[in-house]
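S.K.: Dropping a structure here in structure tokens format, bear with me for questions.
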There are 2 protein chains.
Amino acid sequence: MLLRIFLNKKLKVPAAERGRYFEVYNMKRVSAEEYKKRIDLIRKEMSGADIDFYYVPDGDFHMSEYVSDFFKGREYLSGFDGSNGQMVITADEALLWTDGRYFLQAAEQLEGTGIILMKMGEPGVKKIPEFLISEMPEGQTLGFDGRVVPYSFYEQISETLDKKNVKIICDIDLVGNVWNDRPSLPSGKAWILDDKYSGNTVSERLVMVREKLEKDNCDALILSALDETAWLFGFRGEDVEYNPVTLSFAYISMDEALLFMDDDKACDIKDALEKSGVTVKKYDEIFSYLKNNSEGKKILIDCDFASTSLINSLSNTCEKVNKNTPVRELKACKTGAEIENERSAHISDGVAVTRILHDIKMLSGSEELKAGNVTELDIAEKLLSYRKEAEDFIEESFAPIIATGAHGAIIHYEPTPETNTVIKEGDMVLLDTGGQYLRGTTDITRTVIIGKPTDKMKKYYTAVLKGNIALSEAVFREGTSGKSLDIYARKPLWEIGIDYNHGTGHGVGFLLNVHEGPQSISVNAPKAYPFMPGMITSDEPGVYIEGEFGIRTENMTVCVEKNVTEFGKFLGFDVLTLVPYDRDLIDCSMLDEEEIRVIDSYHEKVYQKLAPFFDEKTALWLKDITRPLIDLTAKI
Amino acid sequence: MLLRIFLNKKLKVPAAERGRYFEVYNMKRVSAEEYKKRIDLIRKEMSGADIDFYYVPDGDFHMSEYVSDFFKGREYLSGFDGSNGQMVITADEALLWTDGRYFLQAAEQLEGTGIILMKMGEPGVKKIPEFLISEMPEGQTLGFDGRVVPYSFYEQISETLDKKNVKIICDIDLVGNVWNDRPSLPSGKAWILDDKYSGNTVSERLVMVREKLEKDNCDALILSALDETAWLFGFRGEDVEYNPVTLSFAYISMDEALLFMDDDKACDIKDALEKSGVTVKKYDEIFSYLKNNSEGKKILIDCDFASTSLINSLSNTCEKVNKNTPVRELKACKTGAEIENERSAHISDGVAVTRILHDIKMLSGSEELKAGNVTELDIAEKLLSYRKEAEDFIEESFAPIIATGAHGAIIHYEPTPETNTVIKEGDMVLLDTGGQYLRGTTDITRTVIIGKPTDKMKKYYTAVLKGNIALSEAVFREGTSGKSLDIYARKPLWEIGIDYNHGTGHGVGFLLNVHEGPQSISVNAPKAYPFMPGMITSDEPGVYIEGEFGIRTENMTVCVEKNVTEFGKFLGFDVLTLVPYDRDLIDCSMLDEEEIRVIDSYHEKVYQKLAPFFDEKTALWLKDITRPLIDLTAKI
């Protein structure tokens, strides 16, 4: 899955059915006048608190990619519900920043509210920190809720504003003050993930973390990212849709391990953790704990994932070491057990996805299709039902993207009741979906044709497939990062004058977030983080032709050691995903012998692993579509 | 040519013969006691000037890669003559920093001098800025000659030292004070390069530069790098070996163009430049000019190429814009005329290099070889004589690397009377050489086998050749930098577990420095600078097996537009170099059809372009060694 995709309310299985405990809040759209009134209420609060500029970001307490409804203050104030939007409110203006994906939608949703749309990336449009620095007059006051603003943002502005004699109040939640029916924070319970899934114990992970802390000469480590607390303490949760995590912080020193999580969430994990030497404290206590225990200490904390409030609660005499936490780095390199579990999960997931591909391929020429009875949402629902057949399936790992025809070219498309489209003969259908299993997280994209493809479709599909293979077959020297590898996936596309405007791959957690770092495969990654054996990453080149179709082919891979010579270690990837490519879309004349060998042996493996789970007829179909390509080549 | 290679005195053609005007200084080695005395003289000067730490770098006034003997103060004080070495002298210590290439040599040359060797990159060894910051006690004084210290170094230390109450005196040349027979500065004359070679005029180049200045809202531009003044004003010079440049600075505003160059150097270019509206002032006047004319101005200057003295002469109210100068960027994109001239120069250069390869290949089994009569230096001398046959040949573009057998594995090897080795049957010989012609600069590496290669040699040679071809055949989207492309050249090496520890390519000037920026092909490049049509770059992967052999294959390429589609522009390279590969070293079973096609068509082109310049017998030999590889493949 490419980037952050937000809640899709229509597709969401009711919370109760899925055993989830976050409130499904119905954010009703109100009239433009009503939004004006809400902003005026904020202004009244501002004036009461002597605040001149108030900043409303869109994060949660942990800088999570997905946030629960409690944190949707910006939507409450403006009516704009895109996945990226931040506001600044002054006595006579209200401004909303969003990016190019949402310019049209934001303009529509903000109409009549008087809110000024700030188009990010357009010439002359300042970023928020620059805006605040240049626009705030001397002697004024900026306010925000520091619990939801990353410290890195605060750091960017505080020194310059201080020089300008602008005061910052960073512990004031005006949105909370005016939002009467604000949803409550999620109340899911954490549960223990059996050690057999992770392959190691809390105590073992604590030893590894402390070794790293010692190397960095640090006294302690603070964890704020929710997937990091879950990984370290071996629990999973139900607080954020798609991400099995629980609201919590952690503090680890050489002799203490503290988990800050409220009792109603921690009740099922507390005993087990205490046996491993972990002390569980109340969620909010992190602030006072840090205040009283950080004096003179050298503490490792990743300021990209820590809120302003969290960092500001540290003593002035505490030395912050701002970098990737050891948990982030250790978590990225999966254990042998995790990798084996992922392999097994990919069989279940492959069965589900291959079944839906079968259903879609069978639609060609069918009465059902002719009658216009099959929509994108129907496919999404059916695929979810197939995934649920796996006993340990928990939920989807992100909102499914099922895009037919021209929808495929909208990179951030997700079907909603408003956009939902009937699938037609001749359409290419792009399916980017994933699941959370006890055995791990999956993320896979396939594009298939219903009926006969055009030459252009075949040419572009084959180029994307070549890119996908080139990356997963790469052998590279230890120390190489995904910044360098990205180009392998683009080469076959560039050779025919096409490309895609997104990264090629992202890290994937183990029964955790579908997007995790520090590794990624993108030339635009902020830092070059070297690949290490055990890292799980997606490989997803694509091509998008506006108004026509979109193609993406995505496999999950695990980094493995390939060779050791006098020049050092050489690494490569093993493909985890087990779903056939659409041979109807492959132009064999564009493939060299090695590529044909790779595809044939992959298809052979897919058949061997999945066939046992299919009925006889579907297994025969699978056998047919995974037969060696070389037959096809012979025909050409 | 890979990196900075310094003067090779033995190989150097006498200055008079080459019409060069730098003094050939004979830096005599003296006894360890004598070096001690020289350092003590510096200490006397230090104490007279109240200086506690004195810093001796190894640059010139323009941060050039090659420096003339005037600037070899470090060698004068220490006896160490490696290409990288900087000293710090205190009342009771003298320390010399150098890198891994020179640890052994430095240890030998410093023996008995009492100078402490600081091994750069070794654990616990501080870099010079860190050393000064941590070691200098409060209240002390640091001194250096700011004319030879880059401003970027000064910037790194000045603020912190200031806070520590350490004073910096940056206009004191103690080396000059104690060095009685110091060589004088070079006294070469500048000469006008006819516009037919560059394809544009001084006035046209000034227009382009001023357009760029206007875009950056700058009032003026200062040039310090010598190849930049030469390019802009269309002259070339004789002040630095291998680099046809002249000591000078420049200052360009919207209505003025000033060249700072002494009269005895500028006498042959002054009239022509004045007709183009350029004013020529004395070299040293730059400092007072900047002092009196920079007040309140916004001035563009690249601080990596500017000395501390140069920048410190600017007014306090002057705003510095520190980035690549527009000249550096414009110069990198060659004009149509420059490219056509380079193509022509590469025919002359190809003839010379192919003749020497012919001579080397013919050595196999010869009496001459058996008698041990042919050395690396012989080859270098002969190749130079072949290059001189071109009427417009000026000089070599760097010290030639001719490395036989195990010498090939020493990346920075250059033959000297001490290392010069007899060439033997079964040796691989690596030749990395280049020339300066009126029609441009060349830089080429070929590796050849004398007699029969081992399987290992063939395997590694073919892998390197595959890498070389993969890069030069690459098609890439506009905006792609050499940081990304580097991996193409390594892929075939990584696949068999080998690699090389240097970059893959560097920019090459037009009858200017053989190393120029801003582009380069290296994953370790400090910045990602996108390729643009007209950029000339080397493509030089290699592999080095210690004690056995070294292989490098280097072509020069020019960036060209390959394709324009709805996705944008796609670029690629045209190979300029015209010298055959050694087919005796090619293992065709490792090549795919496309690679064979590329090599065959390259060889066909080499034959067509070079054969007319050969006698009948040599032309027949060339025909044979450039015949299609496919014959060979058939035999396998």
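Naming scheme: A, B, ... for chains in displayed order of the structure tokens; residues 1 onward per chain; ligands 1 onward as shown.
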Each residue of chain B with at least one atom at most 7 Å from chain A should appear once, together with its nearest atom pair and the corresponding distance in Å (one decimal); atoms considered: only C-alpha atoms; ordering: chain, then increasing residue number; output as JSON lines.
M.R.:
```
{"residue": "B:Val475", "atom": "CA", "partner": "A:Glu495", "partner_atom": "CA", "distance": 5.6}
{"residue": "B:Phe476", "atom": "CA", "partner": "A:Trp494", "partner_atom": "CA", "distance": 5.7}
{"residue": "B:Arg477", "atom": "CA", "partner": "A:Trp494", "partner_atom": "CA", "distance": 6.4}
{"residue": "B:Ser484", "atom": "CA", "partner": "A:Ser484", "partner_atom": "CA", "distance": 5.6}
{"residue": "B:Ile487", "atom": "CA", "partner": "A:Ser484", "partner_atom": "CA", "distance": 6.7}
{"residue": "B:Trp494", "atom": "CA", "partner": "A:Phe476", "partner_atom": "CA", "distance": 5.7}
{"residue": "B:Glu495", "atom": "CA", "partner": "A:Val475", "partner_atom": "CA", "distance": 5.6}
{"residue": "B:Gly497", "atom": "CA", "partner": "A:Thr565", "partner_atom": "CA", "distance": 5.9}
{"residue": "B:Ile498", "atom": "CA", "partner": "A:Phe567", "partner_atom": "CA", "distance": 5.8}
{"residue": "B:Asp499", "atom": "CA", "partner": "A:Phe567", "partner_atom": "CA", "distance": 6.7}
{"residue": "B:Asn563", "atom": "CA", "partner": "A:Gly497", "partner_atom": "CA", "distance": 6.7}
{"residue": "B:Thr565", "atom": "CA", "partner": "A:Gly497", "partner_atom": "CA", "distance": 5.9}
{"residue": "B:Phe567", "atom": "CA", "partner": "A:Ile498", "partner_atom": "CA", "distance": 5.8}
{"residue": "B:Phe570", "atom": "CA", "partner": "A:Gly497", "partner_atom": "CA", "distance": 6.7}
```
S.K.: Set the distance at 10 Å and use only C-alpha atoms: which residues neighbour Arg29 in chain B once local chain neighbours fewer than 5 positions away are removed? I'd like the list as a short mmCIF file (atom, residue, chain, number, x, y, z; two decimals) with N, CA, C and O atoms, in the first residue's frame.
M.R.:
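around-v5.cif was written with the following content:
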```cif
data_model
loop_
_atom_site.label_atom_id
_atom_site.label_comp_id
_atom_site.auth_asym_id
_atom_site.auth_seq_id
_atom_site.Cartn_x
_atom_site.Cartn_y
_atom_site.Cartn_z
N GLU B 34 67.11 18.38 10.23
CA GLU B 34 66.84 19.61 9.48
C GLU B 34 65.34 19.97 9.54
O GLU B 34 64.98 21.14 9.73
N TYR B 35 64.46 18.94 9.40
CA TYR B 35 63.01 19.22 9.49
C TYR B 35 62.67 19.76 10.89
O TYR B 35 61.86 20.67 11.03
N GLU B 75 55.34 19.93 2.89
CA GLU B 75 56.45 19.06 2.51
C GLU B 75 57.78 19.68 2.96
O GLU B 75 58.67 18.98 3.45
N TYR B 76 57.88 20.99 2.84
CA TYR B 76 59.10 21.69 3.26
C TYR B 76 59.35 21.50 4.76
O TYR B 76 60.48 21.30 5.19
N SER B 78 58.03 19.02 6.76
CA SER B 78 57.95 17.65 7.30
C SER B 78 58.69 16.61 6.48
O SER B 78 59.03 15.54 6.98
N GLY B 79 58.87 16.88 5.20
CA GLY B 79 59.47 15.86 4.33
C GLY B 79 58.45 14.89 3.77
O GLY B 79 58.76 14.10 2.89
N PHE B 80 57.21 14.95 4.24
CA PHE B 80 56.17 14.05 3.73
C PHE B 80 55.61 14.64 2.43
O PHE B 80 55.13 15.76 2.40
N ASP B 81 55.67 13.83 1.33
CA ASP B 81 55.27 14.36 0.03
C ASP B 81 54.06 13.67 -0.58
O ASP B 81 53.87 13.70 -1.78
N GLN B 109 58.62 8.58 6.13
CA GLN B 109 59.18 9.89 5.83
C GLN B 109 59.27 10.78 7.06
O GLN B 109 60.08 11.70 7.12
#
```
S.K.: So that I can check the surroundings of range 67-74 of chain B, please list as JSON, numbers by chain every protein, DNA and RNA residue that reaches within 8 Å of it, counting only C-alpha atoms and ignoring chain neighbours fewer than 4 positions away.
M.R.: {"B": [22, 23, 24, 25, 56, 57, 58, 59, 60, 78, 79, 80, 85, 86, 87, 175, 182, 183, 184, 185, 186, 239, 240, 241]}
S.K.: Would you list, as an MDAnalysis selection string, the residues of range 226-275 of chain A that end up in strand (DSSP E) under DSSP run on this structure's backbone?
M.R.: chainID A and resid 235:236 249:253 257:260
S.K.: Have a look at B:Tyr242, B:Phe305, B:Tyr66, B:Trp231 and name the one nearest to Glu395 in chain B; count only C-alpha atoms.
M.R.: B:Tyr242
S.K.: Work out how far apart CA of Leu41 in chain B and CA of Val178 in chain B are and give it in Å to one decimal.
M.R.: 6.5 Å
S.K.: For range 319-328 of chain A, work out the shell of residues within 9 Å, counting only C-alpha atoms and skipping chain neighbours fewer than 3 positions away, then give it as a ChimeraX atom specification.
M.R.: /A:205,208-210,212-213,216,218,221-223,227-229,231-232,294-304,311,314-316,331-332,516-518
S.K.: CA of Ala619 in chain A and CA of Pro580 in chain A are how many Å apart?
M.R.: 12.6 Å
S.K.: With distances taken over only C-alpha atoms, which of B:Leu377, B:Glu45, B:Thr557, B:Ile356 is nearest to Glu418 in chain B?
M.R.: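 Closest candidate: B:Leu377.
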